[in-house]
Amino acid sequence: MVFRNREGGKIIRKGWLLDVGYTVKGEQTYITLIVKGKKTAKLLFPYDPYFYVDAPEEKAEELKEVKVVRKEEEIKVKRTEIVEKKIWGKMRKLIKVVCYRPPHVPHLKAHIPYPCYEYSIPFARRFMYDLQLSPFDIIKYERKGPLITKIMGIERAESKKSPALSKMAFDIEVLNPMGTPREKEDPIIMISYRSDKEKGVLTFKGDGACRDEKEMLEHFDKKIKDENPDILIGYNSSLFDLPYLKARAEKLKAQFNLARFGGKMRAVQKGLVHGYEIKGRVHVDMYPILRLFGYIGVIKAENYTLDAVSESVLGEHKIDIGGWERINELWEKGEVGKIAEYCLKDAELTYRLAEKFLPLEIELAQTSKLPLFQTTLSTTGQMVESLLMFHAQRRGEIIPPRPTSAEVAERIARPIKGAFVKLPEPGIYSNIAVLDFRGLYPSIIISYNIDPATISESGEHKAPKGTTFKKAPKGLIPEVLEGLLDKRAKIKRALKEMDKDSEEYKVLSARSQALKILANSFYGYLGYARSRWYSRQCAESVTAWGRKHINDTIQKAEEKGFKVLYADTDSVFLIYEDKEKVIEFMNEVNKALPEKMELELEGFYVRGVFVSKKSEEKGAKKKYALLGEDGRIKIRGFELVRRDWSEIAKETQKRVLEIILKEGSKEKAAKVVRETIKALKEGKIELEKLAIKTQLKKEPEKYEVKSPELEAALKLREKGLQVGKGAIISYVIGRRGTSISEKATPLELAQDYDADYYINNQILPAVMKIMKELGYDEYTLIHGGKQQSLEEFF
DNA sequence: GCCGTAGGACTACCA
DNA sequence: ACTGGTAGTCCTACGGCG
């Protein structure tokens, strides 16, 4: 990229937009832009904060004189203007109240006795929406010193290349003789880093080492200033590494500030997520990112430790030094090399995770219009909200306010009716076809123009619930959503022609994934209690139309003579004799659907199992296993896909399902179960296979009832370990104690196990439901019964 | 006070 | 701290019994 050229005697510069903030100098507020051109620079652009007041035009003069005194500071209005904006689709004249400083906005708003709008939009984002800027856009500008005198234009950062950002991952090791390290006492003994260029370890023991901890911190500080990465990456660095580094640096009075351009490092909170900001760079903590990706199904891991995530997405482990306690021992013994190897590997894994997931994160930032650092701390709901704010501004529409806490409570109190799930009949079936609606809810929103502003009694689209929506003009939400889906369709077509190993392919497939993630979050956002665009009527209409379409499909299938086994939200399971007839049926359904909606063939399956519920004879919903024609088994809902069941129970259930679906030998399945029970009784199963993993969703003090995972967590705390909200506890049911909670012991401390518990509460419940479909009862299963093959059973 | 159980708290899944 | 629908475990309060 050419970063500067001459036009009519003036120098026009160009650079990637990395971050936006603001600063105040005297009476003027400036937006600060971190722009990466040939060099990275922090630039200033004068811009005034403002909000809108819905009052008669003639009040503009009066409003200009509003004054508020707060903490001896007199807060005044800079000027007022008359503007036209749309409120829920209707044009209206509003008074724009321009202020001197961003923090003045809420104070002035509070003293104005008319309805106000857009008073709670973070100022840097306000600027980005106003100028229609996205993160990593290329801006063209003229400057005079640090001041931008003119923004000449914006080039959309939509090239097939990702922005050229330099990055460095790091990790620290800390002594922990008392369990969780204490900032006051326990020193940092090592810092490792892995950048685009090189890797290394800093320590103060052994060859070529720093003199002491203080010097090590200062070396690290210098390292970062020399290499000057745009992005600093850690793992749980928001809550551990960075605050610890800062605390130690303060205690030791070390020169330590990883920020650029005189900025600061500080802890921040966005919603409920904790972050740590390094001004002038982008601090990326991989942990919350991977947590979110786990939540939305981009990755799947048993828990979200660096080790577990590396295993699941890179197929690699951390170096095993035998637990965190060993660091003290190795350090004492002077075996610094081992710690260094361990520490560097952590930085390396963190770097590799970033290489893998930063492209998606960057695309999410560009799509949602949130700066990268903000994006790493955001939920999909916040990303959708930002995107809608951006487009509301483009369309000249007022951004609705956030709901009050009373409104939030009211919304939560009355949930919206959701999807339809058909009750399956338990049994083993052959020849199953699965059809599903592609992107059901997004396609409904677009097809019926569902938006808070299109609701109208004279609307042409009438939802099964009764709400009617106008066909035109297109609402903000359907328009933005359609934009995402159209862009994605285009990218998908382009990807087919591309070399899968190319840089462009990686960038575009990440972009496609980001578009999909956001598109799929729109319905949830409409029904999200804290949403600015919450609409009960809209959300209810989406699900009502969804239920109608799936039920119509079931009915049509039955009319065609298919047996419908099961249906959930957007999918139907049919028993077929002739594949052609299934396709024929699908095409027929599609002819009658709106253009954006489509029923697709998900697949044909050789065999499938549905089981009954534990307590009743009725079939269990959301629980089935299907054997595909390629021999692969698709399993949903069974214990074996849940982390809160022991590996031994899951493994046994998996083997039983496989034997039944693939080999059809129920006696062989019974044998597997009996062998497992025998091994358990003989104490032959390793404790790792008996661990049950459960997350603590609240702080331990906040629970009303005790539970095994809670009791196990408390036992960890007794050992001086920090266990809090979000921790995933691995525990084993041991022999000591009366209740199950009492018996629960953290895996790390477990010595023995209660075989009866594992047989009666883990193996048998997991396996019985399946064996019951084959005519086994518990007694015959355990003690043996007469031989019978699945062929005879059918 | 002991026993059995209904209902509540809680988690993790499916879509 | 994006939605609702669902199964299942374990705990606890409660009622019956004596």
# chains A, B, ... in the order shown; residues from 1 in each chain; ligands from 1
$ interface_residues --of "chain B" --to "chain A" --cutoff "10 Å" --atoms "only C-alpha atoms (C1' of nucleotides)" --output "PyMOL selection string"
chain B and resi 8-15
$ write_last_selection --atoms "N, CA and C atoms (P, O5', C5', C4', C3', O3' and C1' of nucleotides)" --output "PDB file, in the first residue's frame"
ATOM      1  P    DG B   8     -42.083 -25.916  42.795  1.00  0.00           P
ATOM      2  O5'  DG B   8     -40.540 -25.666  43.143  1.00  0.00           O
ATOM      3  C5'  DG B   8     -40.144 -25.515  44.511  1.00  0.00           C
ATOM      4  C4'  DG B   8     -38.643 -25.378  44.551  1.00  0.00           C
ATOM      5  C3'  DG B   8     -38.084 -24.431  43.497  1.00  0.00           C
ATOM      6  O3'  DG B   8     -37.098 -23.617  44.137  1.00  0.00           O
ATOM      7  C1'  DG B   8     -37.082 -26.571  43.261  1.00  0.00           C
ATOM      8  P    DA B   9     -36.324 -22.519  43.316  1.00  0.00           P
ATOM      9  O5'  DA B   9     -34.880 -23.180  43.190  1.00  0.00           O
ATOM     10  C5'  DA B   9     -34.206 -23.615  44.360  1.00  0.00           C
ATOM     11  C4'  DA B   9     -32.850 -24.131  43.951  1.00  0.00           C
ATOM     12  C3'  DA B   9     -32.112 -23.231  42.961  1.00  0.00           C
ATOM     13  O3'  DA B   9     -30.747 -23.207  43.369  1.00  0.00           O
ATOM     14  C1'  DA B   9     -32.362 -25.394  42.027  1.00  0.00           C
ATOM     15  P    DC B  10     -29.729 -22.205  42.660  1.00  0.00           P
ATOM     16  O5'  DC B  10     -29.127 -23.094  41.487  1.00  0.00           O
ATOM     17  C5'  DC B  10     -28.422 -24.277  41.825  1.00  0.00           C
ATOM     18  C4'  DC B  10     -28.206 -25.107  40.586  1.00  0.00           C
ATOM     19  C3'  DC B  10     -27.745 -24.327  39.350  1.00  0.00           C
ATOM     20  O3'  DC B  10     -26.334 -24.425  39.254  1.00  0.00           O
ATOM     21  C1'  DC B  10     -29.210 -26.168  38.856  1.00  0.00           C
ATOM     22  P    DT B  11     -25.575 -23.717  38.060  1.00  0.00           P
ATOM     23  O5'  DT B  11     -25.459 -24.874  36.965  1.00  0.00           O
ATOM     24  C5'  DT B  11     -24.850 -26.121  37.318  1.00  0.00           C
ATOM     25  C4'  DT B  11     -24.922 -27.053  36.132  1.00  0.00           C
ATOM     26  C3'  DT B  11     -24.404 -26.437  34.836  1.00  0.00           C
ATOM     27  O3'  DT B  11     -23.332 -27.221  34.359  1.00  0.00           O
ATOM     28  C1'  DT B  11     -26.543 -27.458  34.510  1.00  0.00           C
ATOM     29  P    DA B  12     -22.535 -26.755  33.067  1.00  0.00           P
ATOM     30  O5'  DA B  12     -23.277 -27.578  31.919  1.00  0.00           O
ATOM     31  C5'  DA B  12     -23.381 -28.996  32.031  1.00  0.00           C
ATOM     32  C4'  DA B  12     -24.201 -29.498  30.878  1.00  0.00           C
ATOM     33  C3'  DA B  12     -23.756 -28.912  29.532  1.00  0.00           C
ATOM     34  O3'  DA B  12     -23.660 -29.953  28.579  1.00  0.00           O
ATOM     35  C1'  DA B  12     -26.063 -28.562  29.851  1.00  0.00           C
ATOM     36  P    DC B  13     -22.844 -29.719  27.227  1.00  0.00           P
ATOM     37  O5'  DC B  13     -23.973 -29.870  26.102  1.00  0.00           O
ATOM     38  C5'  DC B  13     -24.587 -31.119  25.882  1.00  0.00           C
ATOM     39  C4'  DC B  13     -26.074 -30.921  25.648  1.00  0.00           C
ATOM     40  C3'  DC B  13     -26.465 -30.460  24.253  1.00  0.00           C
ATOM     41  O3'  DC B  13     -26.598 -31.585  23.408  1.00  0.00           O
ATOM     42  C1'  DC B  13     -27.911 -29.612  25.969  1.00  0.00           C
ATOM     43  P    DC B  14     -26.560 -31.338  21.815  1.00  0.00           P
ATOM     44  O5'  DC B  14     -28.012 -30.791  21.472  1.00  0.00           O
ATOM     45  C5'  DC B  14     -29.146 -31.677  21.497  1.00  0.00           C
ATOM     46  C4'  DC B  14     -30.328 -30.984  20.874  1.00  0.00           C
ATOM     47  C3'  DC B  14     -30.033 -30.390  19.502  1.00  0.00           C
ATOM     48  O3'  DC B  14     -31.053 -30.789  18.596  1.00  0.00           O
ATOM     49  C1'  DC B  14     -30.887 -28.704  20.955  1.00  0.00           C
ATOM     50  P    DA B  15     -30.703 -30.704  17.019  1.00  0.00           P
ATOM     51  O5'  DA B  15     -31.281 -29.252  16.666  1.00  0.00           O
ATOM     52  C5'  DA B  15     -32.683 -29.062  16.661  1.00  0.00           C
ATOM     53  C4'  DA B  15     -32.976 -27.594  16.659  1.00  0.00           C
ATOM     54  C3'  DA B  15     -32.258 -26.804  15.574  1.00  0.00           C
ATOM     55  O3'  DA B  15     -33.155 -26.458  14.519  1.00  0.00           O
ATOM     56  C1'  DA B  15     -32.340 -25.641  17.651  1.00  0.00           C
TER      57       DA B  15
END
$ interface_residues --of "chain C" --to "chain A" --cutoff "10 Å" --atoms "only C-alpha atoms (C1' of nucleotides)" --output "PyMOL selection string"
chain C and resi 1-12
$ atom_distance --atom1 "CA of Leu147 (chain A)" --atom2 "CA of Pro49 (chain A)"
18.2 Å
$ atom_distance --atom1 "CA of Tyr30 (chain A)" --atom2 "CA of Thr80 (chain A)"
19.1 Å
$ closest_residue --among "A:Asp241, A:Glu663, A:Glu558, A:Glu332" --to "Gly275 (chain A)" --atoms "only C-alpha atoms"
A:Asp241
$ residues_around --residues "Lys205 (chain A)" --least-positions-apart "3" --cutoff "12 Å" --atoms "only C-alpha atoms (C1' of nucleotides)" --output "mmCIF file with N, CA, C and O atoms, in the first residue's frame"
data_model
loop_
_atom_site.group_PDB
_atom_site.id
_atom_site.type_symbol
_atom_site.label_atom_id
_atom_site.label_comp_id
_atom_site.auth_asym_id
_atom_site.auth_seq_id
_atom_site.Cartn_x
_atom_site.Cartn_y
_atom_site.Cartn_z
ATOM 1 N N ILE A 188 7.169 -12.540 40.134
ATOM 2 C CA ILE A 188 7.141 -13.093 38.778
ATOM 3 C C ILE A 188 8.560 -13.585 38.535
ATOM 4 O O ILE A 188 9.522 -12.849 38.771
ATOM 5 N N ILE A 189 8.699 -14.826 38.106
ATOM 6 C CA ILE A 189 10.061 -15.335 37.921
ATOM 7 C C ILE A 189 10.432 -15.458 36.451
ATOM 8 O O ILE A 189 11.596 -15.653 36.112
ATOM 9 N N MET A 190 9.421 -15.339 35.588
ATOM 10 C CA MET A 190 9.730 -15.531 34.180
ATOM 11 C C MET A 190 8.681 -14.874 33.289
ATOM 12 O O MET A 190 7.511 -14.814 33.643
ATOM 13 N N VAL A 201 12.688 -15.930 26.325
ATOM 14 C CA VAL A 201 12.276 -16.021 27.726
ATOM 15 C C VAL A 201 13.136 -15.081 28.559
ATOM 16 O O VAL A 201 14.344 -15.015 28.358
ATOM 17 N N LEU A 202 12.532 -14.353 29.452
ATOM 18 C CA LEU A 202 13.268 -13.492 30.376
ATOM 19 C C LEU A 202 13.128 -14.066 31.784
ATOM 20 O O LEU A 202 12.028 -14.459 32.180
ATOM 21 N N GLY A 208 22.791 -15.816 31.351
ATOM 22 C CA GLY A 208 22.285 -14.684 30.567
ATOM 23 C C GLY A 208 21.041 -14.058 31.142
ATOM 24 O O GLY A 208 20.237 -13.469 30.429
ATOM 25 N N ALA A 209 20.874 -14.220 32.425
ATOM 26 C CA ALA A 209 19.633 -13.759 33.040
ATOM 27 C C ALA A 209 19.702 -12.291 33.459
ATOM 28 O O ALA A 209 20.771 -11.698 33.523
ATOM 29 N N CYS A 210 18.527 -11.739 33.744
ATOM 30 C CA CYS A 210 18.454 -10.396 34.300
ATOM 31 C C CYS A 210 18.946 -10.465 35.752
ATOM 32 O O CYS A 210 19.017 -11.541 36.352
ATOM 33 N N ARG A 211 19.264 -9.287 36.327
ATOM 34 C CA ARG A 211 19.758 -9.259 37.709
ATOM 35 C C ARG A 211 18.684 -9.675 38.702
ATOM 36 O O ARG A 211 18.895 -10.481 39.588
ATOM 37 N N ASP A 212 17.501 -9.112 38.492
ATOM 38 C CA ASP A 212 16.417 -9.392 39.441
ATOM 39 C C ASP A 212 15.069 -9.195 38.747
ATOM 40 O O ASP A 212 15.007 -8.897 37.552
ATOM 41 N N GLU A 213 14.022 -9.334 39.532
ATOM 42 C CA GLU A 213 12.672 -9.247 38.978
ATOM 43 C C GLU A 213 12.431 -7.888 38.328
ATOM 44 O O GLU A 213 11.871 -7.797 37.234
ATOM 45 N N GLU A 215 14.550 -5.777 37.007
ATOM 46 C CA GLU A 215 15.229 -5.643 35.718
ATOM 47 C C GLU A 215 14.515 -6.464 34.642
ATOM 48 O O GLU A 215 14.392 -6.045 33.490
ATOM 49 N N MET A 216 14.003 -7.629 35.040
ATOM 50 C CA MET A 216 13.287 -8.471 34.089
ATOM 51 C C MET A 216 12.039 -7.740 33.560
ATOM 52 O O MET A 216 11.780 -7.741 32.358
ATOM 53 N N LEU A 330 10.998 -26.486 41.193
ATOM 54 C CA LEU A 330 11.981 -26.384 40.111
ATOM 55 C C LEU A 330 12.815 -25.112 40.267
ATOM 56 O O LEU A 330 14.018 -25.114 40.037
ATOM 57 N N TRP A 331 12.145 -24.044 40.658
ATOM 58 C CA TRP A 331 12.836 -22.758 40.835
ATOM 59 C C TRP A 331 13.858 -22.861 41.961
ATOM 60 O O TRP A 331 15.000 -22.443 41.834
ATOM 61 N N GLU A 332 13.422 -23.472 43.076
ATOM 62 C CA GLU A 332 14.314 -23.657 44.218
ATOM 63 C C GLU A 332 15.550 -24.454 43.812
ATOM 64 O O GLU A 332 16.672 -24.114 44.149
ATOM 65 N N LYS A 333 15.296 -25.537 43.073
ATOM 66 C CA LYS A 333 16.384 -26.425 42.659
ATOM 67 C C LYS A 333 17.240 -25.828 41.557
ATOM 68 O O LYS A 333 18.247 -26.408 41.163
ATOM 69 N N GLY A 334 16.786 -24.698 41.028
ATOM 70 C CA GLY A 334 17.561 -24.051 39.968
ATOM 71 C C GLY A 334 17.360 -24.680 38.604
ATOM 72 O O GLY A 334 18.144 -24.464 37.687
ATOM 73 N N GLU A 335 16.304 -25.468 38.469
ATOM 74 C CA GLU A 335 16.030 -26.071 37.155
ATOM 75 C C GLU A 335 15.225 -25.108 36.296
ATOM 76 O O GLU A 335 14.081 -25.365 35.920
ATOM 77 N N VAL A 336 15.862 -23.988 36.011
ATOM 78 C CA VAL A 336 15.189 -22.892 35.312
ATOM 79 C C VAL A 336 14.820 -23.284 33.880
ATOM 80 O O VAL A 336 13.801 -22.866 33.351
ATOM 81 N N GLY A 337 15.655 -24.125 33.289
ATOM 82 C CA GLY A 337 15.426 -24.548 31.893
ATOM 83 C C GLY A 337 14.066 -25.171 31.709
ATOM 84 O O GLY A 337 13.364 -24.894 30.729
ATOM 85 N N ILE A 339 11.366 -24.729 33.519
ATOM 86 C CA ILE A 339 10.295 -23.731 33.632
ATOM 87 C C ILE A 339 10.256 -22.900 32.349
ATOM 88 O O ILE A 339 9.179 -22.589 31.829
ATOM 89 N N ALA A 340 11.432 -22.585 31.820
ATOM 90 C CA ALA A 340 11.507 -21.759 30.617
ATOM 91 C C ALA A 340 10.818 -22.450 29.433
ATOM 92 O O ALA A 340 10.056 -21.825 28.690
#
$ select_by_dssp --residues "region 490-739 of chain A" --states "strand (DSSP E or B)" --output "CSV table (one decimal) with N, CA, C and O atoms, in the first residue's frame"
chain,number,residue,atom,x,y,z
A,563,LYS,N,-44.2,-41.2,7.3
A,563,LYS,CA,-44.3,-41.2,8.7
A,563,LYS,C,-43.3,-40.2,9.2
A,563,LYS,O,-42.2,-40.2,8.9
A,564,VAL,N,-43.8,-39.2,10.0
A,564,VAL,CA,-43.0,-38.2,10.5
A,564,VAL,C,-42.6,-38.6,12.0
A,564,VAL,O,-43.4,-38.7,12.9
A,565,LEU,N,-41.3,-38.9,12.1
A,565,LEU,CA,-40.8,-39.4,13.4
A,565,LEU,C,-40.6,-38.4,14.4
A,565,LEU,O,-40.9,-38.5,15.6
A,566,TYR,N,-40.1,-37.2,14.0
A,566,TYR,CA,-39.6,-36.2,14.9
A,566,TYR,C,-39.5,-34.9,14.2
A,566,TYR,O,-39.3,-34.8,13.0
A,567,ALA,N,-39.6,-33.8,14.9
A,567,ALA,CA,-39.3,-32.5,14.4
A,567,ALA,C,-38.9,-31.5,15.5
A,567,ALA,O,-39.4,-31.7,16.6
A,568,ASP,N,-38.0,-30.6,15.2
A,568,ASP,CA,-37.5,-29.7,16.3
A,568,ASP,C,-37.2,-28.4,15.6
A,568,ASP,O,-36.2,-28.3,14.9
A,571,SER,N,-36.5,-28.6,11.7
A,571,SER,CA,-36.1,-29.8,11.0
A,571,SER,C,-37.2,-30.8,11.1
A,571,SER,O,-38.0,-30.8,12.1
A,572,VAL,N,-37.4,-31.7,10.1
A,572,VAL,CA,-38.3,-32.8,10.2
A,572,VAL,C,-37.6,-34.1,9.8
A,572,VAL,O,-36.7,-34.2,9.0
A,573,PHE,N,-37.9,-35.2,10.6
A,573,PHE,CA,-37.4,-36.5,10.3
A,573,PHE,C,-38.5,-37.4,9.8
A,573,PHE,O,-39.5,-37.6,10.4
A,574,LEU,N,-38.2,-37.9,8.5
A,574,LEU,CA,-39.2,-38.8,7.9
A,574,LEU,C,-38.7,-40.2,7.7
A,574,LEU,O,-37.5,-40.4,7.5
A,575,ILE,N,-39.6,-41.1,7.7
A,575,ILE,CA,-39.3,-42.5,7.3
A,575,ILE,C,-39.6,-42.6,5.8
A,575,ILE,O,-40.7,-42.2,5.4
A,599,LEU,N,-36.5,-25.2,2.2
A,599,LEU,CA,-36.3,-26.5,2.9
A,599,LEU,C,-35.2,-27.3,2.2
A,599,LEU,O,-35.2,-27.4,0.9
A,600,GLU,N,-34.3,-27.8,3.0
A,600,GLU,CA,-33.1,-28.5,2.4
A,600,GLU,C,-33.0,-29.9,2.8
A,600,GLU,O,-33.5,-30.2,3.9
A,601,LEU,N,-32.4,-30.8,2.1
A,601,LEU,CA,-32.1,-32.1,2.5
A,601,LEU,C,-30.9,-32.1,3.4
A,601,LEU,O,-29.8,-31.8,2.9
A,602,GLU,N,-31.0,-32.5,4.6
A,602,GLU,CA,-29.9,-32.5,5.5
A,602,GLU,C,-29.1,-33.8,5.3
A,602,GLU,O,-27.9,-33.9,5.3
A,603,GLY,N,-29.9,-34.9,5.1
A,603,GLY,CA,-29.3,-36.2,4.8
A,603,GLY,C,-30.2,-37.4,4.9
A,603,GLY,O,-31.3,-37.3,5.5
A,604,PHE,N,-29.7,-38.5,4.4
A,604,PHE,CA,-30.4,-39.8,4.5
A,604,PHE,C,-29.6,-40.6,5.5
A,604,PHE,O,-28.4,-40.6,5.5
A,605,TYR,N,-30.3,-41.3,6.4
A,605,TYR,CA,-29.7,-42.1,7.4
A,605,TYR,C,-30.2,-43.5,7.4
A,605,TYR,O,-31.4,-43.8,7.1
A,606,VAL,N,-29.2,-44.4,7.6
A,606,VAL,CA,-29.5,-45.9,7.5
A,606,VAL,C,-30.4,-46.3,8.7
A,606,VAL,O,-31.4,-47.1,8.5
A,607,ARG,N,-30.1,-45.9,9.9
A,607,ARG,CA,-30.8,-46.3,11.1
A,607,ARG,C,-30.8,-45.2,12.1
A,607,ARG,O,-29.9,-44.3,12.1
A,608,GLY,N,-31.7,-45.3,13.1
A,608,GLY,CA,-31.7,-44.2,14.1
A,608,GLY,C,-32.4,-44.7,15.4
A,608,GLY,O,-33.2,-45.7,15.3
A,609,VAL,N,-32.0,-44.2,16.5
A,609,VAL,CA,-32.6,-44.6,17.8
A,609,VAL,C,-33.2,-43.4,18.5
A,609,VAL,O,-32.5,-42.3,18.6
A,610,PHE,N,-34.4,-43.6,18.9
A,610,PHE,CA,-35.0,-42.6,19.8
A,610,PHE,C,-35.3,-43.4,21.1
A,610,PHE,O,-35.8,-44.5,21.1
A,611,VAL,N,-35.1,-42.7,22.2
A,611,VAL,CA,-35.3,-43.4,23.5
A,611,VAL,C,-36.5,-42.8,24.3
A,611,VAL,O,-36.9,-41.7,23.9
A,612,SER,N,-36.9,-43.5,25.3
A,612,SER,CA,-38.0,-42.9,26.1
A,612,SER,C,-37.3,-42.0,27.2
A,612,SER,O,-36.2,-42.1,27.5
A,619,GLY,N,-41.6,-40.6,24.6
A,619,GLY,CA,-40.3,-40.4,24.0
A,619,GLY,C,-39.6,-39.2,24.5
A,619,GLY,O,-40.2,-38.2,25.0
A,620,ALA,N,-38.3,-39.2,24.5
A,620,ALA,CA,-37.5,-38.0,25.0
A,620,ALA,C,-37.2,-37.2,23.8
A,620,ALA,O,-36.8,-37.6,22.7
A,621,LYS,N,-37.5,-35.9,23.9
A,621,LYS,CA,-37.2,-34.9,22.9
A,621,LYS,C,-35.7,-34.6,22.9
A,621,LYS,O,-35.0,-34.7,24.0
A,622,LYS,N,-35.1,-34.1,21.8
A,622,LYS,CA,-33.8,-33.6,21.7
A,622,LYS,C,-32.7,-34.6,22.1
A,622,LYS,O,-31.7,-34.3,22.7
A,623,LYS,N,-33.0,-35.9,21.8
A,623,LYS,CA,-32.1,-37.0,22.2
A,623,LYS,C,-32.3,-38.0,21.1
A,623,LYS,O,-33.3,-38.7,21.1
A,624,TYR,N,-31.3,-38.2,20.3
A,624,TYR,CA,-31.3,-39.3,19.3
A,624,TYR,C,-30.0,-39.6,18.7
A,624,TYR,O,-29.0,-38.8,18.9
A,625,ALA,N,-29.9,-40.7,18.1
A,625,ALA,CA,-28.6,-41.1,17.4
A,625,ALA,C,-29.0,-41.6,16.0
A,625,ALA,O,-29.9,-42.3,15.9
A,626,LEU,N,-28.2,-41.1,15.0
A,626,LEU,CA,-28.5,-41.5,13.6
A,626,LEU,C,-27.2,-42.1,13.0
A,626,LEU,O,-26.1,-41.5,13.2
A,627,LEU,N,-27.4,-43.2,12.3
A,627,LEU,CA,-26.2,-43.7,11.5
A,627,LEU,C,-26.3,-43.3,10.1
A,627,LEU,O,-27.2,-43.6,9.4
A,628,GLY,N,-25.3,-42.5,9.7
A,628,GLY,CA,-25.3,-42.0,8.3
A,628,GLY,C,-24.9,-43.1,7.3
A,628,GLY,O,-24.3,-44.1,7.7
A,633,ILE,N,-21.8,-41.6,12.9
A,633,ILE,CA,-22.9,-41.5,13.7
A,633,ILE,C,-23.1,-40.1,14.2
A,633,ILE,O,-22.2,-39.4,14.6
A,634,LYS,N,-24.4,-39.6,14.1
A,634,LYS,CA,-24.7,-38.3,14.6
A,634,LYS,C,-25.5,-38.4,15.9
A,634,LYS,O,-26.5,-39.0,15.9
A,635,ILE,N,-24.9,-37.9,16.9
A,635,ILE,CA,-25.6,-38.1,18.2
A,635,ILE,C,-26.0,-36.7,18.8
A,635,ILE,O,-25.2,-35.8,18.8
A,636,ARG,N,-27.2,-36.6,19.3
A,636,ARG,CA,-27.7,-35.4,19.9
A,636,ARG,C,-28.3,-35.6,21.3
A,636,ARG,O,-29.1,-36.6,21.4
A,692,ILE,N,-16.4,-36.0,36.8
A,692,ILE,CA,-17.6,-35.4,36.3
A,692,ILE,C,-17.3,-33.9,36.3
A,692,ILE,O,-16.7,-33.4,37.3
A,693,LYS,N,-17.5,-33.2,35.2
A,693,LYS,CA,-17.1,-31.8,35.0
A,693,LYS,C,-18.3,-30.9,35.0
A,693,LYS,O,-19.2,-31.1,34.2
A,694,THR,N,-18.4,-30.0,35.9
A,694,THR,CA,-19.5,-29.1,36.0
A,694,THR,C,-19.1,-27.7,36.3
A,694,THR,O,-18.2,-27.5,37.1
A,695,GLN,N,-19.7,-26.8,35.6
A,695,GLN,CA,-19.3,-25.4,35.7
A,695,GLN,C,-20.0,-24.7,36.9
A,695,GLN,O,-21.2,-25.0,37.1
A,728,ILE,N,-14.7,-24.6,36.0
A,728,ILE,CA,-15.3,-25.9,35.7
A,728,ILE,C,-14.6,-26.9,36.6
A,728,ILE,O,-13.4,-27.1,36.6
A,729,ILE,N,-15.4,-27.5,37.5
A,729,ILE,CA,-14.9,-28.3,38.5
A,729,ILE,C,-15.0,-29.8,38.1
A,729,ILE,O,-16.0,-30.3,37.6
A,730,SER,N,-13.8,-30.5,38.2
A,730,SER,CA,-13.8,-31.9,37.9
A,730,SER,C,-13.8,-32.6,39.2
A,730,SER,O,-12.9,-32.4,40.1
A,731,TYR,N,-14.8,-33.5,39.4
A,731,TYR,CA,-14.9,-34.2,40.7
A,731,TYR,C,-15.2,-35.6,40.5
A,731,TYR,O,-15.8,-36.0,39.5
A,732,VAL,N,-14.8,-36.4,41.6
A,732,VAL,CA,-15.0,-37.8,41.6
A,732,VAL,C,-15.8,-38.2,42.8
A,732,VAL,O,-15.6,-37.5,43.8
A,733,ILE,N,-16.8,-39.1,42.7
A,733,ILE,CA,-17.6,-39.5,43.8
A,733,ILE,C,-16.8,-40.6,44.6
A,733,ILE,O,-16.6,-41.7,44.1
$ residues_around --residues "DT5 (chain B)" --least-positions-apart "5" --cutoff "12 Å" --atoms "only C-alpha atoms (C1' of nucleotides)" --output "PyMOL selection string"
chain C and resi 12-16
$ write_last_selection --atoms "N, CA and C atoms (P, O5', C5', C4', C3', O3' and C1' of nucleotides)" --output "compact mmCIF listing (two decimals), in the first residue's frame"
# COMPACT_ATOMS: atom_id res chain seq x y z
P DT C 12 -29.38 -29.53 50.74
O5' DT C 12 -30.94 -29.27 50.89
C5' DT C 12 -31.55 -28.28 50.06
C4' DT C 12 -33.03 -28.26 50.35
C3' DT C 12 -33.40 -28.46 51.82
O3' DT C 12 -34.44 -27.55 52.09
C1' DT C 12 -34.54 -30.05 50.51
P DA C 13 -34.72 -27.07 53.57
O5' DA C 13 -36.30 -26.86 53.50
C5' DA C 13 -36.89 -26.47 52.26
C4' DA C 13 -38.27 -27.11 52.15
C3' DA C 13 -39.05 -27.16 53.46
O3' DA C 13 -40.39 -26.79 53.19
C1' DA C 13 -38.84 -29.35 52.56
P DC C 14 -41.41 -26.59 54.37
O5' DC C 14 -42.41 -27.81 54.13
C5' DC C 14 -42.80 -28.16 52.81
C4' DC C 14 -43.46 -29.51 52.85
C3' DC C 14 -44.26 -29.77 54.13
O3' DC C 14 -45.59 -30.09 53.80
C1' DC C 14 -42.82 -31.59 53.66
P DG C 15 -46.71 -30.09 54.92
O5' DG C 15 -47.23 -31.58 54.81
C5' DG C 15 -47.46 -32.17 53.54
C4' DG C 15 -47.55 -33.68 53.72
C3' DG C 15 -48.39 -34.09 54.95
O3' DG C 15 -49.23 -35.17 54.58
C1' DG C 15 -46.21 -35.00 55.11
P DG C 16 -50.25 -35.79 55.59
O5' DG C 16 -49.60 -37.21 55.86
C5' DG C 16 -49.39 -38.11 54.76
C4' DG C 16 -48.72 -39.36 55.29
C3' DG C 16 -49.41 -39.97 56.51
O3' DG C 16 -49.50 -41.38 56.33
C1' DG C 16 -47.14 -39.52 57.00
